[in-house]
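Enquirer: Have a look at this one before I ask anything.
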Amino acid sequence: MRPLQMVDLKTQYTRIKPEIDRAVLDVLESTAFINGKPVQDFSGNLARYLGAKHVIPCANGTDALQIAMMALGLQPGDEVITPSFTYIATTEVVALLKLKPVFVEVDPKTFCMDPESLAKAITPKTKAIVPVHLYGHVAPMEAIMKIAAEHDLYVIEDVAQAIGASYTFSNGTTKKAGTIGTVGCTSFFPSKNLGCYGDGGAIFTDDDTLALQLKMVANHGQQKKYYHEVVGCNSRLDTVQAAVLDIKLRHLDDYIAARNKAADHYDQAFAGNPKIRTPYRAPNSTHVFHQYTLILEGVDRDGLHQHLASRDIPSMIYYPVPGHKQKMFESFDLQVAAMPVTDWLTERVISLPMHTELDEEQLNMITTAVLEYVNK
Ligand SMILES: *Cc1c(COP(=O)(O)O)cnc(C)c1O
């Protein structure tokens, strides 16, 4: 049996090796390492796949969020609402730009921003909302967009974990995650659902004026070389990464199907167990299972982690410390409200191996080991 890993990039690469190797060698031959043709090709293909008007590539997902906030003209002191239960990048860039992060709760079912908690956090200083489609499930965008419209707020979707997921509104319209808000930001970090072989990121929008601004900010604030109109940064997706991504994009729907198949297997094995809550799938959102995350009730989580490790089965806690408890923000005077749901989840979640290459034998071994410990 292949060794169990949280993410098996090697097996995935082996399956597409001829295509990838040829594309990478072509870039080496061309020596167009920056802004080569694959960068435009990939951006165009991703725009078509998502149904987004503009895709602006950049260096990583954290930059994507930062560039979005800069291009929207957010100013020091402006309040930006984010969930506390997320990866730090979402909130870090808010603080980096001297904006004020305002943490809100998530819905314990979807792990995504709770619209009620969001509505309560809005003040006259609020300028933007950053919903995170955590673990691959789309946040309740209909409710979030309604609140944003009522208060005239920007919506910056963090779609780093949910590329390819879609969301259906009550009027029947379906949109891909990242194309619903003002702007969508994603990461192509190797372990993401659409991952490259290094760092990469992208920003999506349908707004022509904003697209121009995003491109300028990502490119030293210039449209015309050496004429710098705004303060920007230097954030590029390099050509080798774009070439890899353009190939992997063709496989993305198959990858999503493989992840769902593994999730179904886990769901069936754990169904009805009173100590295990399997991931919820809202009827209006598809799930792309960046992570397969359980909520444990009355189980010693560290004990389970150790038990799995003793059988060479990895497991992870995403994330052990929520944003509102990070030392990073201690000096920020954030006046954080109590976050009972986030704290409750933080103590109970555990993520099992989830990737495109899990087979029945591996899945059975994992579920058997989990149940052995939980039912002991
Ligand atoms: C990975 C991730 C990011 C940051 O992406 P990088 O490419 O690592 O900078 C941002 N938000 C979320 C939710 C992520 O999972």
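Residues are referred to by chain and number: the chain letter is A, B, ... according to the order shown in the structure tokens, the number counts from 1 in that chain, and ligands are numbered separately from 1 in the order shown.
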Using only C-alpha atoms, which residues sit within 8 Å of segment 25-39 of chain A once same-chain residues fewer than 4 positions away are excluded, as number ranges by chain?
Expert: A: 21, 43, 57, 236-240, 242-243, 246
Enquirer: Restricting the output to all heavy atoms, write the selected residues as a compact mmCIF listing (two decimals), in the first residue's frame.
Expert:
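Produced file selection_4.txt, reproduced below:
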# COMPACT_ATOMS: atom_id res chain seq x y z
N ASP A 21 5.73 17.49 -17.73
CA ASP A 21 7.16 17.61 -18.07
C ASP A 21 7.33 18.35 -19.40
O ASP A 21 8.20 19.20 -19.54
CB ASP A 21 7.81 16.22 -18.14
CG ASP A 21 7.95 15.59 -16.75
OD1 ASP A 21 7.48 16.21 -15.78
OD2 ASP A 21 8.51 14.48 -16.65
N SER A 43 -4.63 32.20 -17.46
CA SER A 43 -5.58 33.19 -16.93
C SER A 43 -6.88 33.16 -17.73
O SER A 43 -7.98 33.20 -17.17
CB SER A 43 -4.98 34.60 -16.98
OG SER A 43 -3.78 34.63 -16.25
N PRO A 57 -3.49 37.09 -12.38
CA PRO A 57 -2.62 36.19 -11.64
C PRO A 57 -1.68 36.96 -10.73
O PRO A 57 -1.35 38.11 -11.01
CB PRO A 57 -1.84 35.46 -12.74
CG PRO A 57 -1.89 36.35 -13.92
CD PRO A 57 -3.08 37.24 -13.79
N ARG A 236 3.79 38.37 -9.03
CA ARG A 236 3.58 37.72 -10.32
C ARG A 236 3.45 36.22 -10.17
O ARG A 236 4.06 35.63 -9.28
CB ARG A 236 4.76 38.00 -11.24
CG ARG A 236 4.88 39.45 -11.64
CD ARG A 236 6.00 39.65 -12.63
NE ARG A 236 7.30 39.59 -11.99
CZ ARG A 236 8.17 40.63 -11.97
NH1 ARG A 236 7.87 41.76 -12.57
NH2 ARG A 236 9.33 40.49 -11.39
N LEU A 237 2.68 35.61 -11.06
CA LEU A 237 2.67 34.16 -11.20
C LEU A 237 3.71 33.85 -12.27
O LEU A 237 3.62 34.38 -13.38
CB LEU A 237 1.28 33.70 -11.67
CG LEU A 237 1.11 32.20 -11.91
CD1 LEU A 237 1.11 31.43 -10.59
CD2 LEU A 237 -0.19 31.91 -12.67
N ASP A 238 4.73 33.05 -11.96
CA ASP A 238 5.76 32.84 -12.98
C ASP A 238 5.30 31.83 -14.04
O ASP A 238 4.32 31.10 -13.84
CB ASP A 238 7.11 32.47 -12.35
CG ASP A 238 7.12 31.08 -11.77
OD1 ASP A 238 6.98 30.11 -12.54
OD2 ASP A 238 7.25 30.96 -10.54
N THR A 239 5.98 31.83 -15.16
CA THR A 239 5.52 31.07 -16.32
C THR A 239 5.52 29.55 -16.08
O THR A 239 4.61 28.85 -16.53
CB THR A 239 6.38 31.41 -17.55
OG1 THR A 239 6.50 32.83 -17.65
CG2 THR A 239 5.73 30.89 -18.82
N VAL A 240 6.52 29.05 -15.35
CA VAL A 240 6.55 27.61 -15.07
C VAL A 240 5.30 27.21 -14.29
O VAL A 240 4.63 26.22 -14.61
CB VAL A 240 7.83 27.22 -14.28
CG1 VAL A 240 7.75 25.79 -13.79
CG2 VAL A 240 9.07 27.40 -15.15
N ALA A 242 2.42 28.76 -14.18
CA ALA A 242 1.22 28.91 -15.03
C ALA A 242 1.10 27.71 -15.97
O ALA A 242 -0.01 27.22 -16.22
CB ALA A 242 1.30 30.22 -15.82
N ALA A 243 2.23 27.22 -16.48
CA ALA A 243 2.20 26.08 -17.39
C ALA A 243 1.68 24.83 -16.66
O ALA A 243 0.86 24.07 -17.20
CB ALA A 243 3.60 25.83 -17.96
N ASP A 246 -2.10 25.33 -16.01
CA ASP A 246 -2.95 25.22 -17.18
C ASP A 246 -3.27 23.75 -17.48
O ASP A 246 -4.38 23.42 -17.91
CB ASP A 246 -2.27 25.89 -18.39
CG ASP A 246 -3.30 26.37 -19.41
OD1 ASP A 246 -4.47 26.61 -19.01
OD2 ASP A 246 -2.95 26.49 -20.59
Enquirer: Run DSSP on the backbone and give me the residues of segment 73-238 of chain A it puts in strand (DSSP E), as a ChimeraX atom specification.
Expert: /A:79-83,100-104,126-129,154-158,166-168,174-176,183-187,201-205,222-224,227-228
Enquirer: Kindly provide, as a PDB file with all heavy atoms, in the first residue's frame, all nucleotide and amino acid residues lying within 7 Å of ligand 1, counting only C-alpha atoms and all ligand atoms.
Expert:
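Output below, filename selection.pdb:
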ATOM      1  N   ASN A  60       0.861  34.638  -4.811  1.00  0.00           N
ATOM      2  CA  ASN A  60       0.326  33.693  -3.825  1.00  0.00           C
ATOM      3  C   ASN A  60      -1.026  34.184  -3.341  1.00  0.00           C
ATOM      4  O   ASN A  60      -1.447  35.295  -3.690  1.00  0.00           O
ATOM      5  CB  ASN A  60       1.306  33.498  -2.642  1.00  0.00           C
ATOM      6  CG  ASN A  60       1.638  34.810  -1.948  1.00  0.00           C
ATOM      7  OD1 ASN A  60       0.783  35.429  -1.335  1.00  0.00           O
ATOM      8  ND2 ASN A  60       2.886  35.240  -2.081  1.00  0.00           N
ATOM      9  N   GLY A  61      -1.686  33.374  -2.529  1.00  0.00           N
ATOM     10  CA  GLY A  61      -3.031  33.713  -2.075  1.00  0.00           C
ATOM     11  C   GLY A  61      -3.062  34.872  -1.100  1.00  0.00           C
ATOM     12  O   GLY A  61      -4.019  35.648  -1.063  1.00  0.00           O
ATOM     13  N   THR A  62      -2.014  34.988  -0.285  1.00  0.00           N
ATOM     14  CA  THR A  62      -1.946  36.089   0.679  1.00  0.00           C
ATOM     15  C   THR A  62      -1.817  37.417  -0.076  1.00  0.00           C
ATOM     16  O   THR A  62      -2.513  38.391   0.240  1.00  0.00           O
ATOM     17  CB  THR A  62      -0.749  35.883   1.643  1.00  0.00           C
ATOM     18  OG1 THR A  62      -0.809  34.544   2.155  1.00  0.00           O
ATOM     19  CG2 THR A  62      -0.787  36.856   2.782  1.00  0.00           C
ATOM     20  N   ASP A  63      -0.967  37.437  -1.093  1.00  0.00           N
ATOM     21  CA  ASP A  63      -0.855  38.632  -1.943  1.00  0.00           C
ATOM     22  C   ASP A  63      -2.190  38.953  -2.610  1.00  0.00           C
ATOM     23  O   ASP A  63      -2.563  40.126  -2.739  1.00  0.00           O
ATOM     24  CB  ASP A  63       0.179  38.417  -3.060  1.00  0.00           C
ATOM     25  CG  ASP A  63       1.605  38.723  -2.616  1.00  0.00           C
ATOM     26  OD1 ASP A  63       1.822  38.905  -1.405  1.00  0.00           O
ATOM     27  OD2 ASP A  63       2.493  38.771  -3.490  1.00  0.00           O
ATOM     28  N   THR A  86     -10.365  30.635  10.616  1.00  0.00           N
ATOM     29  CA  THR A  86      -9.821  30.560   9.261  1.00  0.00           C
ATOM     30  C   THR A  86      -8.311  30.507   9.345  1.00  0.00           C
ATOM     31  O   THR A  86      -7.734  30.620  10.431  1.00  0.00           O
ATOM     32  CB  THR A  86     -10.256  31.774   8.411  1.00  0.00           C
ATOM     33  OG1 THR A  86      -9.701  31.665   7.085  1.00  0.00           O
ATOM     34  CG2 THR A  86      -9.765  33.093   8.993  1.00  0.00           C
ATOM     35  N   TYR A  87      -7.680  30.360   8.193  1.00  0.00           N
ATOM     36  CA  TYR A  87      -6.231  30.447   8.107  1.00  0.00           C
ATOM     37  C   TYR A  87      -5.831  31.905   8.306  1.00  0.00           C
ATOM     38  O   TYR A  87      -6.542  32.817   7.898  1.00  0.00           O
ATOM     39  CB  TYR A  87      -5.772  29.929   6.734  1.00  0.00           C
ATOM     40  CG  TYR A  87      -4.282  29.952   6.548  1.00  0.00           C
ATOM     41  CD1 TYR A  87      -3.443  29.323   7.456  1.00  0.00           C
ATOM     42  CD2 TYR A  87      -3.711  30.604   5.468  1.00  0.00           C
ATOM     43  CE1 TYR A  87      -2.069  29.351   7.288  1.00  0.00           C
ATOM     44  CE2 TYR A  87      -2.333  30.626   5.286  1.00  0.00           C
ATOM     45  CZ  TYR A  87      -1.517  30.005   6.207  1.00  0.00           C
ATOM     46  OH  TYR A  87      -0.169  30.036   6.043  1.00  0.00           O
ATOM     47  N   ALA A  89      -3.830  34.019   7.000  1.00  0.00           N
ATOM     48  CA  ALA A  89      -3.587  34.949   5.882  1.00  0.00           C
ATOM     49  C   ALA A  89      -4.739  35.943   5.707  1.00  0.00           C
ATOM     50  O   ALA A  89      -4.527  37.131   5.435  1.00  0.00           O
ATOM     51  CB  ALA A  89      -3.380  34.169   4.588  1.00  0.00           C
ATOM     52  N   THR A  90      -5.956  35.451   5.874  1.00  0.00           N
ATOM     53  CA  THR A  90      -7.141  36.275   5.667  1.00  0.00           C
ATOM     54  C   THR A  90      -7.077  37.540   6.529  1.00  0.00           C
ATOM     55  O   THR A  90      -7.368  38.647   6.057  1.00  0.00           O
ATOM     56  CB  THR A  90      -8.414  35.479   6.065  1.00  0.00           C
ATOM     57  OG1 THR A  90      -8.266  34.124   5.666  1.00  0.00           O
ATOM     58  CG2 THR A  90      -9.648  36.067   5.442  1.00  0.00           C
ATOM     59  N   VAL A 132     -14.836  33.341   3.960  1.00  0.00           N
ATOM     60  CA  VAL A 132     -13.866  32.306   3.595  1.00  0.00           C
ATOM     61  C   VAL A 132     -14.648  31.019   3.318  1.00  0.00           C
ATOM     62  O   VAL A 132     -15.448  30.603   4.145  1.00  0.00           O
ATOM     63  CB  VAL A 132     -12.861  32.074   4.744  1.00  0.00           C
ATOM     64  CG1 VAL A 132     -11.836  31.018   4.356  1.00  0.00           C
ATOM     65  CG2 VAL A 132     -12.176  33.381   5.144  1.00  0.00           C
ATOM     66  N   LEU A 134     -14.377  27.894   3.721  1.00  0.00           N
ATOM     67  CA  LEU A 134     -13.450  27.018   4.442  1.00  0.00           C
ATOM     68  C   LEU A 134     -13.652  25.536   4.131  1.00  0.00           C
ATOM     69  O   LEU A 134     -14.787  25.068   4.046  1.00  0.00           O
ATOM     70  CB  LEU A 134     -13.582  27.256   5.947  1.00  0.00           C
ATOM     71  CG  LEU A 134     -12.353  26.835   6.754  1.00  0.00           C
ATOM     72  CD1 LEU A 134     -11.178  27.786   6.529  1.00  0.00           C
ATOM     73  CD2 LEU A 134     -12.680  26.757   8.236  1.00  0.00           C
ATOM     74  N   ASP A 158     -12.554  34.776  -0.032  1.00  0.00           N
ATOM     75  CA  ASP A 158     -11.316  34.013   0.095  1.00  0.00           C
ATOM     76  C   ASP A 158     -11.637  32.590  -0.368  1.00  0.00           C
ATOM     77  O   ASP A 158     -12.226  31.794   0.362  1.00  0.00           O
ATOM     78  CB  ASP A 158     -10.818  34.030   1.540  1.00  0.00           C
ATOM     79  CG  ASP A 158      -9.501  33.280   1.708  1.00  0.00           C
ATOM     80  OD1 ASP A 158      -9.175  32.442   0.839  1.00  0.00           O
ATOM     81  OD2 ASP A 158      -8.802  33.515   2.713  1.00  0.00           O
ATOM     82  N   VAL A 159     -11.250  32.310  -1.614  1.00  0.00           N
ATOM     83  CA  VAL A 159     -11.619  31.038  -2.236  1.00  0.00           C
ATOM     84  C   VAL A 159     -10.396  30.102  -2.353  1.00  0.00           C
ATOM     85  O   VAL A 159     -10.373  29.169  -3.137  1.00  0.00           O
ATOM     86  CB  VAL A 159     -12.352  31.328  -3.585  1.00  0.00           C
ATOM     87  CG1 VAL A 159     -11.451  31.958  -4.600  1.00  0.00           C
ATOM     88  CG2 VAL A 159     -13.026  30.104  -4.158  1.00  0.00           C
ATOM     89  N   ALA A 160      -9.402  30.357  -1.467  1.00  0.00           N
ATOM     90  CA  ALA A 160      -8.164  29.563  -1.495  1.00  0.00           C
ATOM     91  C   ALA A 160      -8.421  28.063  -1.292  1.00  0.00           C
ATOM     92  O   ALA A 160      -7.657  27.234  -1.772  1.00  0.00           O
ATOM     93  CB  ALA A 160      -7.184  30.072  -0.440  1.00  0.00           C
ATOM     94  N   GLN A 161      -9.502  27.721  -0.583  1.00  0.00           N
ATOM     95  CA  GLN A 161      -9.762  26.300  -0.311  1.00  0.00           C
ATOM     96  C   GLN A 161     -10.932  25.752  -1.125  1.00  0.00           C
ATOM     97  O   GLN A 161     -11.316  24.596  -0.930  1.00  0.00           O
ATOM     98  CB  GLN A 161     -10.046  26.108   1.192  1.00  0.00           C
ATOM     99  CG  GLN A 161      -8.888  26.570   2.064  1.00  0.00           C
ATOM    100  CD  GLN A 161      -8.997  26.157   3.518  1.00  0.00           C
ATOM    101  OE1 GLN A 161      -9.944  25.487   3.921  1.00  0.00           O
ATOM    102  NE2 GLN A 161      -8.013  26.546   4.310  1.00  0.00           N
ATOM    103  N   THR A 186      -7.637  33.701  -4.669  1.00  0.00           N
ATOM    104  CA  THR A 186      -7.297  32.294  -4.451  1.00  0.00           C
ATOM    105  C   THR A 186      -5.799  32.068  -4.373  1.00  0.00           C
ATOM    106  O   THR A 186      -5.001  32.959  -4.692  1.00  0.00           O
ATOM    107  CB  THR A 186      -7.936  31.377  -5.517  1.00  0.00           C
ATOM    108  OG1 THR A 186      -8.066  30.067  -4.960  1.00  0.00           O
ATOM    109  CG2 THR A 186      -7.112  31.291  -6.790  1.00  0.00           C
ATOM    110  N   SER A 187      -5.439  30.860  -3.955  1.00  0.00           N
ATOM    111  CA  SER A 187      -4.049  30.435  -3.815  1.00  0.00           C
ATOM    112  C   SER A 187      -3.838  29.173  -4.631  1.00  0.00           C
ATOM    113  O   SER A 187      -4.732  28.328  -4.713  1.00  0.00           O
ATOM    114  CB  SER A 187      -3.780  30.128  -2.343  1.00  0.00           C
ATOM    115  OG  SER A 187      -2.603  29.351  -2.210  1.00  0.00           O
ATOM    116  N   PHE A 188      -2.662  29.056  -5.225  1.00  0.00           N
ATOM    117  CA  PHE A 188      -2.291  27.817  -5.927  1.00  0.00           C
ATOM    118  C   PHE A 188      -1.156  27.100  -5.194  1.00  0.00           C
ATOM    119  O   PHE A 188      -0.349  26.411  -5.811  1.00  0.00           O
ATOM    120  CB  PHE A 188      -1.883  28.128  -7.376  1.00  0.00           C
ATOM    121  CG  PHE A 188      -2.935  28.842  -8.167  1.00  0.00           C
ATOM    122  CD1 PHE A 188      -2.658  30.064  -8.779  1.00  0.00           C
ATOM    123  CD2 PHE A 188      -4.211  28.313  -8.314  1.00  0.00           C
ATOM    124  CE1 PHE A 188      -3.620  30.743  -9.510  1.00  0.00           C
ATOM    125  CE2 PHE A 188      -5.187  28.984  -9.043  1.00  0.00           C
ATOM    126  CZ  PHE A 188      -4.888  30.202  -9.645  1.00  0.00           C
ATOM    127  N   PHE A 189      -1.059  27.307  -3.886  1.00  0.00           N
ATOM    128  CA  PHE A 189      -0.095  26.578  -3.048  1.00  0.00           C
ATOM    129  C   PHE A 189      -0.229  25.083  -3.388  1.00  0.00           C
ATOM    130  O   PHE A 189      -1.328  24.617  -3.667  1.00  0.00           O
ATOM    131  CB  PHE A 189      -0.454  26.860  -1.576  1.00  0.00           C
ATOM    132  CG  PHE A 189       0.500  26.290  -0.582  1.00  0.00           C
ATOM    133  CD1 PHE A 189       1.690  26.939  -0.294  1.00  0.00           C
ATOM    134  CD2 PHE A 189       0.215  25.108   0.086  1.00  0.00           C
ATOM    135  CE1 PHE A 189       2.574  26.411   0.635  1.00  0.00           C
ATOM    136  CE2 PHE A 189       1.095  24.580   1.008  1.00  0.00           C
ATOM    137  CZ  PHE A 189       2.285  25.227   1.286  1.00  0.00           C
ATOM    138  N   ASP A 199       4.760  28.549  -5.541  1.00  0.00           N
ATOM    139  CA  ASP A 199       3.729  29.459  -5.054  1.00  0.00           C
ATOM    140  C   ASP A 199       2.983  30.099  -6.225  1.00  0.00           C
ATOM    141  O   ASP A 199       3.563  30.316  -7.294  1.00  0.00           O
ATOM    142  CB  ASP A 199       4.369  30.566  -4.209  1.00  0.00           C
ATOM    143  CG  ASP A 199       4.508  30.170  -2.749  1.00  0.00           C
ATOM    144  OD1 ASP A 199       3.491  29.728  -2.162  1.00  0.00           O
ATOM    145  OD2 ASP A 199       5.616  30.293  -2.199  1.00  0.00           O
ATOM    146  N   GLY A 200       1.720  30.420  -5.991  1.00  0.00           N
ATOM    147  CA  GLY A 200       0.933  31.104  -7.012  1.00  0.00           C
ATOM    148  C   GLY A 200      -0.382  31.558  -6.425  1.00  0.00           C
ATOM    149  O   GLY A 200      -0.808  31.078  -5.369  1.00  0.00           O
ATOM    150  N   GLY A 201      -1.026  32.508  -7.105  1.00  0.00           N
ATOM    151  CA  GLY A 201      -2.328  32.984  -6.650  1.00  0.00           C
ATOM    152  C   GLY A 201      -3.036  33.708  -7.775  1.00  0.00           C
ATOM    153  O   GLY A 201      -2.448  33.911  -8.854  1.00  0.00           O
TER     154      GLY A 201
END
Enquirer: Give me the residues within 6 Å of Ile295 of chain A as a VMD selection string, counting only C-alpha atoms and dropping any in the same chain fewer than 3 places off.
Expert: chain A and resid 276 to 277 348 to 349
Enquirer: Go ahead and dump the residues you just picked, C-alpha atoms, as a PDB file, in the first residue's frame.
Expert:
ATOM      1  CA  ILE A 276     -18.458  11.812  15.122  1.00  0.00           C
ATOM      2  CA  ARG A 277     -20.052  14.619  13.154  1.00  0.00           C
ATOM      3  CA  ARG A 348     -13.174  19.519  18.518  1.00  0.00           C
ATOM      4  CA  VAL A 349     -12.147  19.506  14.839  1.00  0.00           C
TER       5      VAL A 349
END
Enquirer: Could you tell me which of A:Gly232, A:Gly164, A:Pro190, A:Pro274 comes closest to Arg250 of chain A if we count only C-alpha atoms?
Expert: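 Of A:Gly232, A:Gly164, A:Pro190, A:Pro274, the one nearest Arg250 of chain A, counting only C-alpha atoms, is A:Gly164.
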Enquirer: For Phe289 of chain A, work out the shell of residues within 10 Å, counting only C-alpha atoms and skipping chain neighbours fewer than 4 positions away, then give it as a ChimeraX atom specification.
Expert: /A:134-137,161-162,165,193,256-263,279,293,354-355
Enquirer: Looking at A:Glu229, A:His54, A:Val288, A:Lys120, which one is nearest to Lys192 of chain A, with distances taken over only C-alpha atoms?
Expert: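 For Lys192 of chain A, the nearest of the candidates is A:Val288.
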Enquirer: Could you list, as a PDB file with N, CA and C atoms, in the first residue's frame, every residue within 10 Å of Gly181 of chain A, counting only C-alpha atoms and ignoring same-chain residues fewer than 5 positions away?
Expert:
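To be explicit, this is the file written out as selection_29.pdb:
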ATOM      1  N   ILE A 129     -16.263  42.898   3.715  1.00  0.00           N
ATOM      2  CA  ILE A 129     -16.512  41.601   4.362  1.00  0.00           C
ATOM      3  C   ILE A 129     -15.665  40.571   3.628  1.00  0.00           C
ATOM      4  N   VAL A 130     -14.983  39.706   4.381  1.00  0.00           N
ATOM      5  CA  VAL A 130     -14.186  38.650   3.741  1.00  0.00           C
ATOM      6  C   VAL A 130     -14.724  37.272   4.137  1.00  0.00           C
ATOM      7  N   PRO A 131     -15.685  36.752   3.387  1.00  0.00           N
ATOM      8  CA  PRO A 131     -16.124  35.385   3.676  1.00  0.00           C
ATOM      9  C   PRO A 131     -15.071  34.393   3.175  1.00  0.00           C
ATOM     10  N   MET A 141     -23.538  32.738   0.724  1.00  0.00           N
ATOM     11  CA  MET A 141     -23.315  33.975  -0.024  1.00  0.00           C
ATOM     12  C   MET A 141     -24.582  34.782  -0.256  1.00  0.00           C
ATOM     13  N   ILE A 144     -24.995  36.825   2.819  1.00  0.00           N
ATOM     14  CA  ILE A 144     -23.862  37.757   2.948  1.00  0.00           C
ATOM     15  C   ILE A 144     -23.975  38.882   1.920  1.00  0.00           C
ATOM     16  N   MET A 145     -24.332  38.552   0.679  1.00  0.00           N
ATOM     17  CA  MET A 145     -24.456  39.574  -0.369  1.00  0.00           C
ATOM     18  C   MET A 145     -25.606  40.543  -0.053  1.00  0.00           C
ATOM     19  N   ALA A 148     -24.331  42.891   2.562  1.00  0.00           N
ATOM     20  CA  ALA A 148     -23.347  43.794   1.931  1.00  0.00           C
ATOM     21  C   ALA A 148     -24.061  44.884   1.136  1.00  0.00           C
ATOM     22  N   TYR A 154     -17.964  46.166   0.332  1.00  0.00           N
ATOM     23  CA  TYR A 154     -17.292  45.268  -0.607  1.00  0.00           C
ATOM     24  C   TYR A 154     -17.297  43.853  -0.039  1.00  0.00           C
ATOM     25  N   VAL A 155     -17.363  42.874  -0.937  1.00  0.00           N
ATOM     26  CA  VAL A 155     -17.239  41.481  -0.512  1.00  0.00           C
ATOM     27  C   VAL A 155     -16.021  40.877  -1.206  1.00  0.00           C
ATOM     28  N   ILE A 156     -15.037  40.493  -0.386  1.00  0.00           N
ATOM     29  CA  ILE A 156     -13.798  39.904  -0.892  1.00  0.00           C
ATOM     30  C   ILE A 156     -13.829  38.425  -0.529  1.00  0.00           C
ATOM     31  N   GLU A 157     -14.092  37.560  -1.508  1.00  0.00           N
ATOM     32  CA  GLU A 157     -14.188  36.129  -1.195  1.00  0.00           C
ATOM     33  C   GLU A 157     -12.802  35.506  -1.118  1.00  0.00           C
ATOM     34  N   ASP A 158     -12.554  34.776  -0.032  1.00  0.00           N
ATOM     35  CA  ASP A 158     -11.316  34.013   0.095  1.00  0.00           C
ATOM     36  C   ASP A 158     -11.637  32.590  -0.368  1.00  0.00           C
ATOM     37  N   PHE A 204     -10.060  37.367  -9.003  1.00  0.00           N
ATOM     38  CA  PHE A 204     -11.103  37.365 -10.036  1.00  0.00           C
ATOM     39  C   PHE A 204     -12.047  38.543  -9.825  1.00  0.00           C
ATOM     40  N   THR A 205     -12.499  39.131 -10.916  1.00  0.00           N
ATOM     41  CA  THR A 205     -13.568  40.135 -10.807  1.00  0.00           C
ATOM     42  C   THR A 205     -14.264  40.301 -12.161  1.00  0.00           C
ATOM     43  N   ASP A 206     -15.501  40.772 -12.091  1.00  0.00           N
ATOM     44  CA  ASP A 206     -16.247  41.092 -13.316  1.00  0.00           C
ATOM     45  C   ASP A 206     -16.204  42.590 -13.600  1.00  0.00           C
TER      46      ASP A 206
END
Enquirer: Give the alpha helix (DSSP H) residues of segment 45-77 of chain A, as DSSP finds them on the backbone, and put them as a list of chain:residue names.
Expert: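 Everything in segment 45-77 of chain A that counts as alpha helix (DSSP H) is A:Asn45, A:Leu46, A:Ala47, A:Arg48, A:Tyr49, A:Leu50, A:Gly61, A:Thr62, A:Asp63, A:Ala64, A:Leu65, A:Gln66, A:Ile67, A:Ala68, A:Met69, A:Met70, A:Ala71.
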Enquirer: Compile the contact shell of segment 18-20 of chain A as a short mmCIF file (atom, residue, chain, number, x, y, z; two decimals) with all heavy atoms, in the first residue's frame: residues with an atom at most 9 Å away, counting only C-alpha atoms, same-chain residues fewer than 3 positions apart removed.
Expert:
data_model
loop_
_atom_site.label_atom_id
_atom_site.label_comp_id
_atom_site.auth_asym_id
_atom_site.auth_seq_id
_atom_site.Cartn_x
_atom_site.Cartn_y
_atom_site.Cartn_z
N TYR A 13 1.22 13.65 -9.49
CA TYR A 13 2.17 14.08 -10.52
C TYR A 13 2.48 12.93 -11.47
O TYR A 13 2.49 13.11 -12.70
CB TYR A 13 3.46 14.59 -9.86
CG TYR A 13 4.63 14.76 -10.81
CD1 TYR A 13 4.53 15.57 -11.94
CD2 TYR A 13 5.84 14.09 -10.57
CE1 TYR A 13 5.60 15.70 -12.81
CE2 TYR A 13 6.91 14.23 -11.43
CZ TYR A 13 6.79 15.03 -12.56
OH TYR A 13 7.85 15.16 -13.42
N THR A 14 2.70 11.74 -10.92
CA THR A 14 3.05 10.58 -11.75
C THR A 14 2.00 10.34 -12.84
O THR A 14 2.33 9.99 -13.97
CB THR A 14 3.20 9.32 -10.85
OG1 THR A 14 4.08 9.66 -9.80
CG2 THR A 14 3.75 8.15 -11.62
N ARG A 15 0.74 10.57 -12.50
CA ARG A 15 -0.35 10.33 -13.47
C ARG A 15 -0.34 11.31 -14.64
O ARG A 15 -0.85 10.98 -15.70
CB ARG A 15 -1.71 10.44 -12.79
CG ARG A 15 -2.00 9.34 -11.82
CD ARG A 15 -3.43 9.51 -11.29
NE ARG A 15 -3.60 8.79 -10.04
CZ ARG A 15 -3.75 7.48 -9.95
NH1 ARG A 15 -3.78 6.76 -11.05
NH2 ARG A 15 -3.87 6.89 -8.78
N ALA A 23 5.29 20.53 -20.77
CA ALA A 23 4.94 21.95 -20.62
C ALA A 23 6.05 22.71 -19.90
O ALA A 23 6.39 23.84 -20.29
CB ALA A 23 3.63 22.08 -19.85
N VAL A 24 6.64 22.10 -18.87
CA VAL A 24 7.70 22.78 -18.12
C VAL A 24 8.94 22.92 -19.00
O VAL A 24 9.56 24.00 -19.05
CB VAL A 24 8.01 22.03 -16.81
CG1 VAL A 24 9.27 22.58 -16.14
CG2 VAL A 24 6.83 22.12 -15.84
N LEU A 25 9.28 21.86 -19.73
CA LEU A 25 10.45 21.94 -20.63
C LEU A 25 10.25 23.00 -21.70
O LEU A 25 11.19 23.71 -22.07
CB LEU A 25 10.73 20.57 -21.26
CG LEU A 25 11.38 19.56 -20.31
CD1 LEU A 25 11.45 18.17 -20.95
CD2 LEU A 25 12.76 20.02 -19.86
N ALA A 243 2.23 27.22 -16.48
CA ALA A 243 2.20 26.08 -17.39
C ALA A 243 1.68 24.83 -16.66
O ALA A 243 0.86 24.07 -17.20
CB ALA A 243 3.60 25.83 -17.96
N VAL A 244 2.13 24.64 -15.42
CA VAL A 244 1.66 23.50 -14.61
C VAL A 244 0.16 23.65 -14.35
O VAL A 244 -0.62 22.71 -14.51
CB VAL A 244 2.45 23.43 -13.27
CG1 VAL A 244 1.80 22.46 -12.30
CG2 VAL A 244 3.91 23.06 -13.53
N ILE A 247 -2.32 22.88 -17.18
CA ILE A 247 -2.59 21.44 -17.35
C ILE A 247 -3.47 20.91 -16.24
O ILE A 247 -4.45 20.22 -16.48
CB ILE A 247 -1.25 20.67 -17.43
CG1 ILE A 247 -0.64 20.96 -18.81
CG2 ILE A 247 -1.45 19.18 -17.22
CD1 ILE A 247 0.77 20.57 -18.96
N LYS A 248 -3.15 21.28 -14.99
CA LYS A 248 -3.94 20.76 -13.87
C LYS A 248 -5.39 21.25 -13.91
O LYS A 248 -6.29 20.53 -13.47
CB LYS A 248 -3.26 21.08 -12.55
CG LYS A 248 -1.99 20.23 -12.36
CD LYS A 248 -1.37 20.38 -10.98
CE LYS A 248 -2.21 19.71 -9.92
NZ LYS A 248 -1.58 19.83 -8.57
#
